[in-house]
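Here is the structure we will look at.
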Amino acid sequence: MAETGLTLDGVVIRRDGRRLVDISDHVAPGEVLTVMGPSGSGKSTLLSYVIGTLASGFAAQGRVRLNGQDITDLAPEARHVGILFQDELLFPHLSVGDNLAFGLRATVRGRAERARRTAAALEDIGLGGYGDRDPDTLSGGQKARVALMRMLLSGPKALLLDEPFSRLDTERRDKIRDLVFAQARAKGLPVLLVTHDHADAEAAGGRVHLLD
Amino acid sequence: MAATCETQSVRARVLPWAPVLTLGIMLGPVAAGVLGTLGPAFGYMPALGGTEIGLDAFAMLFDWPGLVPASVLSVTTGLAATALSLLLVAVICAAWSGSVVFRMIERLLSPLLSVPHAAAAFGLAFLIAPSGWIARAASPWLTGWHRPPDVLILQDPLGLSLTAGLIVKEVPFLLLMTLAAMSQIRTAQARDTAMALGYAPVTAWFKTVFPRVYAQIRLPVYAVLAFSMTVVDVSLILGPTKPPTLAVQILRWMNDPDLKLRFLASAAAVWQLGLVIAALLLWRMCEVGVAGLGRRWVASGARGGATRTVRALSLVAALLSGGAILFGLLGLVVWSFAGFWSFPALLPDGFSTRTWMRHAMSLWPVATETLVIAASATLVALFLTLACLEAEERHGLRPGARALWLLYVPLIVPQIAFLTGLQTLAIFAGLDGNRMAVIAVHIIFVLPYVFLSLADPFRAWDARYGHVARALGAGCDGVLWRVRLPMLLRPILTAAAVGFAVSIGQFLPTLLAGAGRVQTLTTEAVALASGGDRRVIAVYALSQTALALLPFALALLVPAVVWRNRRGLRHG
């Protein structure tokens, strides 16, 4: 039986010879690993290495394994690693429903079935009937829920969070945070969270890795 | 490089070559054209029996009595048009940037910019001619004129009306370039800081913003200088005739049935190229001099003043410059519908659609030809530009400052200097005189504008949208077609409209590559200039303008309709 979860095996990322990130760790399914550090410390760089979009100018080594499979050299779209950014980044040219459909795997076939799945997904996040809406007309909390659901529909095997709650006001932040962690636990996803907010780390409840 | 893309397919393997291919398509003809000019200039053109390298053609050129006045005219009109346009643009920005007036000027910019040079020149001519609107408005109550005065305003020997015609078109262009440069610099901050130190607004702008802005618009300024020195269509309409400007005279020699004159034309084209290079060097020296004086002025700590005066003067100048185009176009409209119209009546006795009706049939095929050429050249340029930008994204082929210079080569090397040579080569290769040749030559000039217009929005696109899309399972092509291009619909259409307008305005490239056999609205309108039938001229010049404006209207309208329910893209 292969190991399950997300493994960072000797990941070192440098820029201009300076070491930004140096981490070796394993995140079990349903567990949250929080990476903390001030801005500019390379937190987001680590996530872009895991999803495969590291910008040129960075030198990286080390392997990333997901459920036993080495995904370090795979194309981003083949990794099945979902990510949420600080901004929701809903595609502004697509309706709310089409944003979800963008995430929904192509293995779900047939227009009717896909429409049914996105409609049901909207119901799940309390946005039933919002399918035709312009994403830009949603509130911050609604956008965050759509972004989360869009990612979950793509069937990720791991979840990366790039300070996804920092734009929300305090009350919404707690709700969304609970929703995200609950979903991750329910689906048994390993979660890698980067943040500079101690409240995020406490709510996550897992181990904390500090970058300097 | 963002993220690895699929690299196996033919398409993926061709993409990294897009920049090289694009530069080849753009610069290959320029280089070939310059060589094709240099050869005959020094006597080498085997097809016409020129096998001896020599200076005979230059000897002929120096025997031409018009050489000195034509050369002087080229240099003075070019320098004056460039310096005055730049001064006007700088003063407008210094006095008005950040104000409501400035935002209105910005909004007028695109339409003013898309008016073809020839149409603007005709409009201006109809305003300032002795029988033009200005003279009519002041007669007879002020001037006492009951018939048009016998003064040479148009085509004056000093090239003053030519210079004016150039300024009204170059001001919008330089202003657009300046706005783009200002958006990259935190201009308001610098000026406000200086104002907090007690500097008057205009002085603050010139001391803190202008030096940095100028560094960014240097290449467009050089392009304006080279263009103004060598322009042909505006010169045929507003420029002197005895002798004409050098560029016009070269065209005459090129079109002479006596093929021997091609040696002379080539020599003159080389001479013209030399003049442009000399003027650019002179300009560069002036830059250094002005920079030195400017540094001393900055160090002097003079706070300046006269804000109101500068504001008023610059606004008047801007109104004159913009008004010349707008009222010129209005004049064209009136003339195209005019019945009998005697001097000094301000308006015709009656209006009719007769001129339009009579020319509708001949206008149609010419308009279609113009559209086909513009659409083809724009599509090719747009495709190449997007391929270059996507290659830059996928393969990290970030162009340096030198690549930007390459983009400006077709705009700085005078058209007359390499198109004559290109035509000479094309004739003997049997490639001239058809639509394909014209499209190919138009691409040379459309490409830089499309690229310059699209590059910034394309690069400024938030790459995280792409990262999200890929994490959701989309490949590189999926990101491009399903996310990036739709989100960039507005700038893409704007770039296409710019390309369209550039193609429609081309006179010399159409004439030379088409060998006079490919007729567009521009070549027809300019050809009518010597005939002097104002009603027909107006019909052609207006059709030309309408065709150039239409894509800009579509570029505004289409995104507004397609994204009517997408607030996030409305101002993107």
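Labels used: A, B, ... for chains in the order of the structure tokens, numbers from 1 for residues in each chain, and numbers from 1 for ligands as shown.
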
Restrict the calculation to only C-alpha atoms, then for each residue of chain A with any atom at most 7 Å from an atom of chain B give the closest atom pair and their distance in Å to one decimal, rows by chain and rising residue number, as a tab-separated table.
```
residue	atom	partner	partner_atom	distance
A:Ile51	CA	B:Ala471	CA	6.8
A:Gly52	CA	B:Ala3	CA	6.0
A:Thr53	CA	B:Ala3	CA	4.4
A:Leu54	CA	B:Ala2	CA	6.2
A:Ala55	CA	B:Ala2	CA	5.1
A:Ser56	CA	B:Met1	CA	4.9
A:Ala75	CA	B:Thr4	CA	6.0
A:Pro76	CA	B:Arg470	CA	5.7
A:Glu77	CA	B:Gly473	CA	4.1
A:Ala78	CA	B:Gly473	CA	6.6
A:His80	CA	B:Ala471	CA	6.8
A:Val81	CA	B:Ala471	CA	6.1
A:Gly82	CA	B:Ala471	CA	5.6
A:Ile83	CA	B:Val468	CA	6.8
A:Leu89	CA	B:Tyr465	CA	6.1
A:Pro92	CA	B:Gly568	CA	5.4
A:His93	CA	B:Met487	CA	6.1
A:Gly103	CA	B:Leu472	CA	5.3
A:Asp134	CA	B:Arg566	CA	5.5
A:Asp136	CA	B:Gly568	CA	5.5
A:Met151	CA	B:Leu472	CA	6.4
A:Ser154	CA	B:Leu472	CA	5.6
```

Save out the residues we just selected, N, CA and C atoms, as a short mmCIF file (atom, residue, chain, number, x, y, z; two decimals), in the first residue's frame.
```cif
data_model
loop_
_atom_site.label_atom_id
_atom_site.label_comp_id
_atom_site.auth_asym_id
_atom_site.auth_seq_id
_atom_site.Cartn_x
_atom_site.Cartn_y
_atom_site.Cartn_z
N ILE A 51 2.06 23.34 -7.20
CA ILE A 51 1.09 23.22 -8.30
C ILE A 51 1.76 23.27 -9.67
N GLY A 52 3.06 23.58 -9.71
CA GLY A 52 3.78 23.48 -10.98
C GLY A 52 3.80 24.74 -11.79
N THR A 53 3.68 25.90 -11.13
CA THR A 53 3.71 27.15 -11.88
C THR A 53 4.80 28.08 -11.36
N LEU A 54 5.90 27.49 -10.90
CA LEU A 54 6.99 28.31 -10.37
C LEU A 54 7.54 29.22 -11.46
N ALA A 55 7.68 30.49 -11.14
CA ALA A 55 8.16 31.45 -12.14
C ALA A 55 9.63 31.22 -12.41
N SER A 56 10.06 31.62 -13.63
CA SER A 56 11.48 31.52 -13.93
C SER A 56 12.21 32.49 -13.01
N ALA A 75 2.69 18.17 -15.58
CA ALA A 75 2.09 19.47 -15.91
C ALA A 75 1.08 19.83 -14.82
N PRO A 76 0.88 21.12 -14.57
CA PRO A 76 -0.02 21.53 -13.49
C PRO A 76 -1.40 20.89 -13.61
N GLU A 77 -1.91 20.78 -14.85
CA GLU A 77 -3.27 20.28 -15.01
C GLU A 77 -3.36 18.78 -14.74
N ALA A 78 -2.22 18.10 -14.65
CA ALA A 78 -2.25 16.65 -14.43
C ALA A 78 -2.00 16.30 -12.95
N HIS A 80 -3.74 17.28 -10.12
CA HIS A 80 -4.90 17.16 -9.22
C HIS A 80 -4.64 17.81 -7.89
N VAL A 81 -4.01 18.99 -7.94
CA VAL A 81 -3.80 19.76 -6.72
C VAL A 81 -4.61 21.05 -6.85
N GLY A 82 -5.55 21.23 -5.94
CA GLY A 82 -6.39 22.43 -6.01
C GLY A 82 -5.78 23.56 -5.21
N ILE A 83 -6.04 24.81 -5.63
CA ILE A 83 -5.48 25.95 -4.90
C ILE A 83 -6.52 27.07 -4.78
N LEU A 89 -10.50 35.08 -7.71
CA LEU A 89 -10.13 34.80 -9.09
C LEU A 89 -11.20 34.01 -9.85
N PRO A 92 -13.94 36.34 -14.77
CA PRO A 92 -14.94 37.40 -14.88
C PRO A 92 -15.80 37.31 -16.13
N HIS A 93 -15.35 36.52 -17.13
CA HIS A 93 -16.13 36.46 -18.37
C HIS A 93 -17.16 35.32 -18.33
N GLY A 103 -14.59 24.05 -13.50
CA GLY A 103 -13.90 23.17 -12.56
C GLY A 103 -14.33 21.71 -12.70
N ASP A 134 -23.64 37.16 -12.69
CA ASP A 134 -22.31 37.68 -12.98
C ASP A 134 -21.49 37.57 -11.70
N ASP A 136 -19.09 39.05 -10.57
CA ASP A 136 -18.68 40.32 -9.98
C ASP A 136 -19.78 40.94 -9.12
N MET A 151 -13.16 24.62 -7.09
CA MET A 151 -11.98 23.79 -6.94
C MET A 151 -12.35 22.37 -6.54
N SER A 154 -13.33 19.99 -9.26
CA SER A 154 -12.29 19.48 -10.15
C SER A 154 -11.68 18.20 -9.58
#
```

TODO: Might you pull out every residue within 9 Å of Lys157 (chain A), with only C-alpha atoms counted and same-chain residues fewer than 5 positions away left off, and present them as JSON, numbers by chain?
DONE: {"A": [5, 6, 29, 66, 67, 79, 80, 81, 82, 187, 188, 189, 190]}

- [ ] Using DSSP on the backbone coordinates, identify all residues within region 24-53 of chain A classified as alpha helix (DSSP H); present the result as a PyMOL selection string.
- [x] chain A and resi 43-51

Keeping only N, CA and C atoms, take the residues you just selected and write them out as an mmCIF file, in the first residue's frame.
```cif
data_model
loop_
_atom_site.group_PDB
_atom_site.id
_atom_site.type_symbol
_atom_site.label_atom_id
_atom_site.label_comp_id
_atom_site.auth_asym_id
_atom_site.auth_seq_id
_atom_site.Cartn_x
_atom_site.Cartn_y
_atom_site.Cartn_z
ATOM 1 N N LYS A 43 6.445 31.994 0.970
ATOM 2 C CA LYS A 43 5.317 31.095 1.237
ATOM 3 C C LYS A 43 4.588 30.743 -0.055
ATOM 4 N N SER A 44 4.230 31.802 -0.818
ATOM 5 C CA SER A 44 3.483 31.562 -2.049
ATOM 6 C C SER A 44 4.337 30.830 -3.070
ATOM 7 N N THR A 45 5.651 31.080 -3.022
ATOM 8 C CA THR A 45 6.553 30.413 -3.949
ATOM 9 C C THR A 45 6.498 28.901 -3.749
ATOM 10 N N LEU A 46 6.423 28.494 -2.493
ATOM 11 C CA LEU A 46 6.323 27.063 -2.186
ATOM 12 C C LEU A 46 5.072 26.470 -2.837
ATOM 13 N N LEU A 47 3.952 27.197 -2.709
ATOM 14 C CA LEU A 47 2.712 26.679 -3.295
ATOM 15 C C LEU A 47 2.806 26.599 -4.812
ATOM 16 N N SER A 48 3.437 27.618 -5.435
ATOM 17 C CA SER A 48 3.521 27.571 -6.895
ATOM 18 C C SER A 48 4.424 26.419 -7.339
ATOM 19 N N TYR A 49 5.375 26.033 -6.484
ATOM 20 C CA TYR A 49 6.195 24.865 -6.820
ATOM 21 C C TYR A 49 5.351 23.595 -6.758
ATOM 22 N N VAL A 50 4.469 23.521 -5.780
ATOM 23 C CA VAL A 50 3.657 22.307 -5.625
ATOM 24 C C VAL A 50 2.628 22.197 -6.761
ATOM 25 N N ILE A 51 2.055 23.340 -7.197
ATOM 26 C CA ILE A 51 1.089 23.223 -8.298
ATOM 27 C C ILE A 51 1.763 23.270 -9.668
#
```

- [ ] Would you list the contacts of Arg133 (chain A) as a list in words, taking every protein, DNA or RNA residue within 9 Å and counting only C-alpha atoms, but skipping same-chain residues closer than 4 positions in sequence?
- [x]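 Once the nearby chain positions are removed, what remains is Ser95, Val96, Gly97, Gly129, Thr137 and Leu138 of chain A; Asn565 and Arg566 of chain B.
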
- [ ] Enumerate as a ChimeraX atom specification all residues of chain A assigned to strand (DSSP E) by DSSP on the backbone, naming them with the chain letters and numbers the document uses.
- [x] /A:6-15,18-27,32-36,58-66,69-70,81-84,158-162,191-195,207-210

Put those residues in a file: C-alpha atoms, as an mmCIF file, in the first residue's frame.
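And here's again_34.cif as it stands now:
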```cif
data_model
loop_
_atom_site.group_PDB
_atom_site.id
_atom_site.type_symbol
_atom_site.label_atom_id
_atom_site.label_comp_id
_atom_site.auth_asym_id
_atom_site.auth_seq_id
_atom_site.Cartn_x
_atom_site.Cartn_y
_atom_site.Cartn_z
ATOM 1 C CA LEU A 6 1.082 15.041 0.359
ATOM 2 C CA THR A 7 4.815 14.650 0.835
ATOM 3 C CA LEU A 8 7.389 17.405 0.465
ATOM 4 C CA ASP A 9 10.717 15.623 0.178
ATOM 5 C CA GLY A 10 13.686 17.950 0.661
ATOM 6 C CA VAL A 11 12.105 20.882 -1.152
ATOM 7 C CA VAL A 12 14.547 23.806 -1.366
ATOM 8 C CA ILE A 13 13.768 26.919 -3.403
ATOM 9 C CA ARG A 14 16.381 29.585 -4.055
ATOM 10 C CA ARG A 15 16.317 32.967 -5.692
ATOM 11 C CA ARG A 18 19.377 33.021 -1.466
ATOM 12 C CA ARG A 19 17.488 30.170 0.154
ATOM 13 C CA LEU A 20 13.808 31.082 0.490
ATOM 14 C CA VAL A 21 12.210 27.782 1.359
ATOM 15 C CA ASP A 22 13.617 24.625 2.879
ATOM 16 C CA ILE A 23 11.006 22.104 3.923
ATOM 17 C CA SER A 24 10.568 18.366 4.303
ATOM 18 C CA ASP A 25 7.260 17.224 5.653
ATOM 19 C CA HIS A 26 4.310 14.941 5.170
ATOM 20 C CA VAL A 27 0.674 15.964 5.326
ATOM 21 C CA VAL A 32 -3.557 20.656 7.799
ATOM 22 C CA LEU A 33 0.047 21.810 7.661
ATOM 23 C CA THR A 34 0.374 25.559 8.178
ATOM 24 C CA VAL A 35 3.389 27.372 6.765
ATOM 25 C CA MET A 36 3.884 30.770 8.363
ATOM 26 C CA PHE A 58 13.650 30.562 -9.019
ATOM 27 C CA ALA A 59 15.824 27.490 -8.660
ATOM 28 C CA ALA A 60 14.079 24.592 -6.975
ATOM 29 C CA GLN A 61 15.034 21.070 -5.974
ATOM 30 C CA GLY A 62 13.318 18.301 -4.069
ATOM 31 C CA ARG A 63 10.359 16.102 -4.850
ATOM 32 C CA VAL A 64 6.642 16.456 -4.328
ATOM 33 C CA ARG A 65 4.640 13.237 -3.934
ATOM 34 C CA LEU A 66 0.885 12.925 -3.803
ATOM 35 C CA GLN A 69 2.939 9.347 -6.966
ATOM 36 C CA ASP A 70 5.812 11.705 -7.786
ATOM 37 C CA VAL A 81 -3.805 19.764 -6.722
ATOM 38 C CA GLY A 82 -6.389 22.433 -6.008
ATOM 39 C CA ILE A 83 -5.482 25.952 -4.904
ATOM 40 C CA LEU A 84 -7.322 28.908 -3.411
ATOM 41 C CA ALA A 158 -4.780 17.837 -2.148
ATOM 42 C CA LEU A 159 -5.678 21.376 -1.190
ATOM 43 C CA LEU A 160 -3.391 24.413 -1.133
ATOM 44 C CA LEU A 161 -4.518 27.626 0.519
ATOM 45 C CA ASP A 162 -2.670 30.896 -0.165
ATOM 46 C CA VAL A 191 -4.183 20.662 3.220
ATOM 47 C CA LEU A 192 -1.184 22.976 2.905
ATOM 48 C CA LEU A 193 -2.017 26.435 4.259
ATOM 49 C CA VAL A 194 0.263 29.454 4.011
ATOM 50 C CA THR A 195 -0.621 32.494 6.056
ATOM 51 C CA ARG A 207 1.344 21.559 12.795
ATOM 52 C CA VAL A 208 3.027 24.870 11.969
ATOM 53 C CA HIS A 209 6.173 25.287 9.892
ATOM 54 C CA LEU A 210 7.892 28.666 10.206
#
```

Open item on the list: Restricting the calculation to only C-alpha atoms: of A:Asp200, A:Thr107, A:Gly126, A:Phe102, which residue gets closest to Leu152 (chain A)?
Closed with: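 Residue with the minimum atom-to-atom distance to Leu152 (chain A): A:Phe102.
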